[in-house]
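Engineer: Handing you a structure now.
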Amino acid sequence: NQMAVFTILILEAIRSGHGQFMIQSISMKDTYGSNKQVPFEELWDVPHWNSHYPKLPRLVYSDPIIHDQFEPGGRGPPKDADGKWTFVNGTRIPEGVEASRPAYWGAHHLVLGGFMRYSAGKGPYVGPRRSANPADILMQQGALRIHPDLQAVYDNLMESMKGEDGKPLEYMTLHARVEPDMQRHGVCRDRKVYNLTEIIRFVEEKWPDPPVPAVFLPINREVLEEEGFPN
């Protein structure tokens with residue numbers, strides 16, 4: 001969901017002719033540990049992203065003078081002159097207010113709806129003949145890459161997974177999605193499997209002859225046990 005929202009926000013910024021995007025207005029939730037919001041620039045390589053301008057909008061910090069209606073950390077449209085928030089129905093600020101400082105767009109549920117339409121080859125963001133948007137392709141090809149510090153963690157993990165011949169092992173990643181936030185999520189509750197042992201058994205049944213010698217299982221056992229999910 002988080003990547004879906006970010007994708008549509010970027011595509012809308014391009015469609016609306018904006019060459020810059022306020023980096024303080026986007027963050028991502030840590031679903032593996034704290035459930036807190038993490039600043040976007042701590043997870044992703046922003047200088048690398050910005051090197052793709054003008055094909056992608058630059059990610060920039062707000063200027064308190066130019067963007068006097070923006071409150072870093074605030075959740076909502078730009079402020080009125082008296083400091084109050086102006087909440088607007090729909091995804092766009094009405095005509096005459098659209099030149100707010102900065103421009104505002106994106107009620108969360110409507111952004112997700114836009115991604116669903118885009119994924120189905122519909123709406124204003126699709127390319128010719130219902131193809132993927134060029135900016136989306138650029139992101140998937142590496143314009144959006146993880147922060148160098150996180151890349152170092154990954155590289156160290158790969159180093160620890162070398163075989164006897166010194167070469168990196170082929171591996172598969174199992175995202176079991178048993179984090180506490182998912183266990184509390186009400187959608188499709190009757191179809192979910194929360195027991196990790198059962199999930200691993202399903203994988204073994206699917207591939208009785210393992211296609212790779214190693215499996216990477218990202219999970220935070222400590223948080224699961226602290227919140228009462230011991231399986």
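If you're wondering about the labels, chains in the structure tokens are A, B, ... by order shown, residues count from 1 in each chain, ligands from 1 in order shown.
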Enumerate, in order of chain and increasing residue number, the residues of region 152-179 of chain A with an atom no farther than 12 Å from region 11-32 of chain A, each with its shortest atom pair and distance in Å to one decimal, counting only C-alpha atoms, as CSV.

Structural biologist:
residue,atom,partner,partner_atom,distance
A:His175,CA,A:Tyr32,CA,11.2
A:Ala176,CA,A:Tyr32,CA,11.7
A:Arg177,CA,A:Tyr32,CA,9.6
A:Val178,CA,A:Tyr32,CA,9.5
A:Glu179,CA,A:Tyr32,CA,6.4

Engineer: Please dump the current selection as an mmCIF file, in the first residue's frame; keep C-alpha atoms.

Structural biologist:
data_model
loop_
_atom_site.group_PDB
_atom_site.id
_atom_site.type_symbol
_atom_site.label_atom_id
_atom_site.label_comp_id
_atom_site.auth_asym_id
_atom_site.auth_seq_id
_atom_site.Cartn_x
_atom_site.Cartn_y
_atom_site.Cartn_z
ATOM 1 C CA HIS A 175 7.461 -12.667 3.300
ATOM 2 C CA ALA A 176 5.137 -14.578 5.595
ATOM 3 C CA ARG A 177 3.235 -11.383 6.536
ATOM 4 C CA VAL A 178 2.581 -12.414 10.110
ATOM 5 C CA GLU A 179 3.481 -9.049 11.648
#

Engineer: Using only C-alpha atoms, what table do you get, as JSON lines, when you list each residue of region 167-194 of chain A with an atom no more than 12 Å from region 149-157 of chain A, its nearest pair of atoms, and their distance in Å rounded to one decimal, rows by chain then rising number?

Structural biologist:
{"residue": "A:Pro168", "atom": "CA", "partner": "A:Leu157", "partner_atom": "CA", "distance": 10.0}
{"residue": "A:Leu169", "atom": "CA", "partner": "A:Leu157", "partner_atom": "CA", "distance": 10.9}
{"residue": "A:Tyr171", "atom": "CA", "partner": "A:Leu157", "partner_atom": "CA", "distance": 11.5}

Engineer: Please, could you write that set of residues out with N, CA, C and O atoms as a PDB file, in the first residue's frame?

Structural biologist:
ATOM      1  N   PRO A 168      28.069 -16.501  -3.857  1.00  0.00           N
ATOM      2  CA  PRO A 168      26.788 -16.276  -3.174  1.00  0.00           C
ATOM      3  C   PRO A 168      25.774 -17.366  -3.520  1.00  0.00           C
ATOM      4  O   PRO A 168      25.687 -17.801  -4.671  1.00  0.00           O
ATOM      5  N   LEU A 169      25.043 -17.800  -2.511  1.00  0.00           N
ATOM      6  CA  LEU A 169      24.014 -18.805  -2.731  1.00  0.00           C
ATOM      7  C   LEU A 169      22.797 -18.184  -3.411  1.00  0.00           C
ATOM      8  O   LEU A 169      22.444 -17.029  -3.153  1.00  0.00           O
ATOM      9  N   TYR A 171      18.905 -17.791  -3.532  1.00  0.00           N
ATOM     10  CA  TYR A 171      17.973 -17.830  -2.407  1.00  0.00           C
ATOM     11  C   TYR A 171      16.607 -17.333  -2.842  1.00  0.00           C
ATOM     12  O   TYR A 171      16.456 -16.704  -3.882  1.00  0.00           O
TER      13      TYR A 171
END

Engineer: Please give the complete set of residues from region 99-218 of chain A that DSSP, run on the backbone, assigns to helix (DSSP H, G or I), formatted as a PyMOL selection string.

Structural biologist: chain A and resi 108-119+128-130+134-143+148-160+180-184+189-191+196-206

Engineer: What separation in Å, quoted to one decimal, exists between CA of Val5 (chain A) and CA of Gly114 (chain A)?

Structural biologist: 8.7 Å

Engineer: Using only C-alpha atoms, can you tell me which of A:Ala143, A:Gln37, A:Asn133, A:Asn220 comes closest to Phe115 (chain A)?

Structural biologist: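 Among the listed residues, A:Asn133 lies closest to Phe115 (chain A).
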
Engineer: Which residues, written as JSON, numbers by chain, have at least one atom at most 12 Å from Ile137 (chain A), with only C-alpha atoms counted and residues fewer than 5 positions away on the same chain left out?

Structural biologist: {"A": [7, 11, 55, 56, 126, 127, 131, 132, 142, 143, 144]}

Engineer: I need the chosen residues saved as a PDB file, in the first residue's frame, with C-alpha atoms.

Structural biologist:
ATOM      1  CA  THR A   7       3.797   5.766  -7.031  1.00  0.00           C
ATOM      2  CA  LEU A  11       2.673  10.199 -11.296  1.00  0.00           C
ATOM      3  CA  LYS A  55      12.142  12.595 -15.789  1.00  0.00           C
ATOM      4  CA  LEU A  56      11.195  12.356 -12.120  1.00  0.00           C
ATOM      5  CA  VAL A 126      -1.382   4.785 -18.048  1.00  0.00           C
ATOM      6  CA  GLY A 127       0.844   4.981 -21.106  1.00  0.00           C
ATOM      7  CA  SER A 131       1.132   0.395 -20.971  1.00  0.00           C
ATOM      8  CA  ALA A 132       2.948   1.296 -17.763  1.00  0.00           C
ATOM      9  CA  GLY A 142      16.326   1.387 -10.231  1.00  0.00           C
ATOM     10  CA  ALA A 143      15.596   5.099  -9.883  1.00  0.00           C
ATOM     11  CA  LEU A 144      14.050   4.237  -6.527  1.00  0.00           C
TER      12      LEU A 144
END
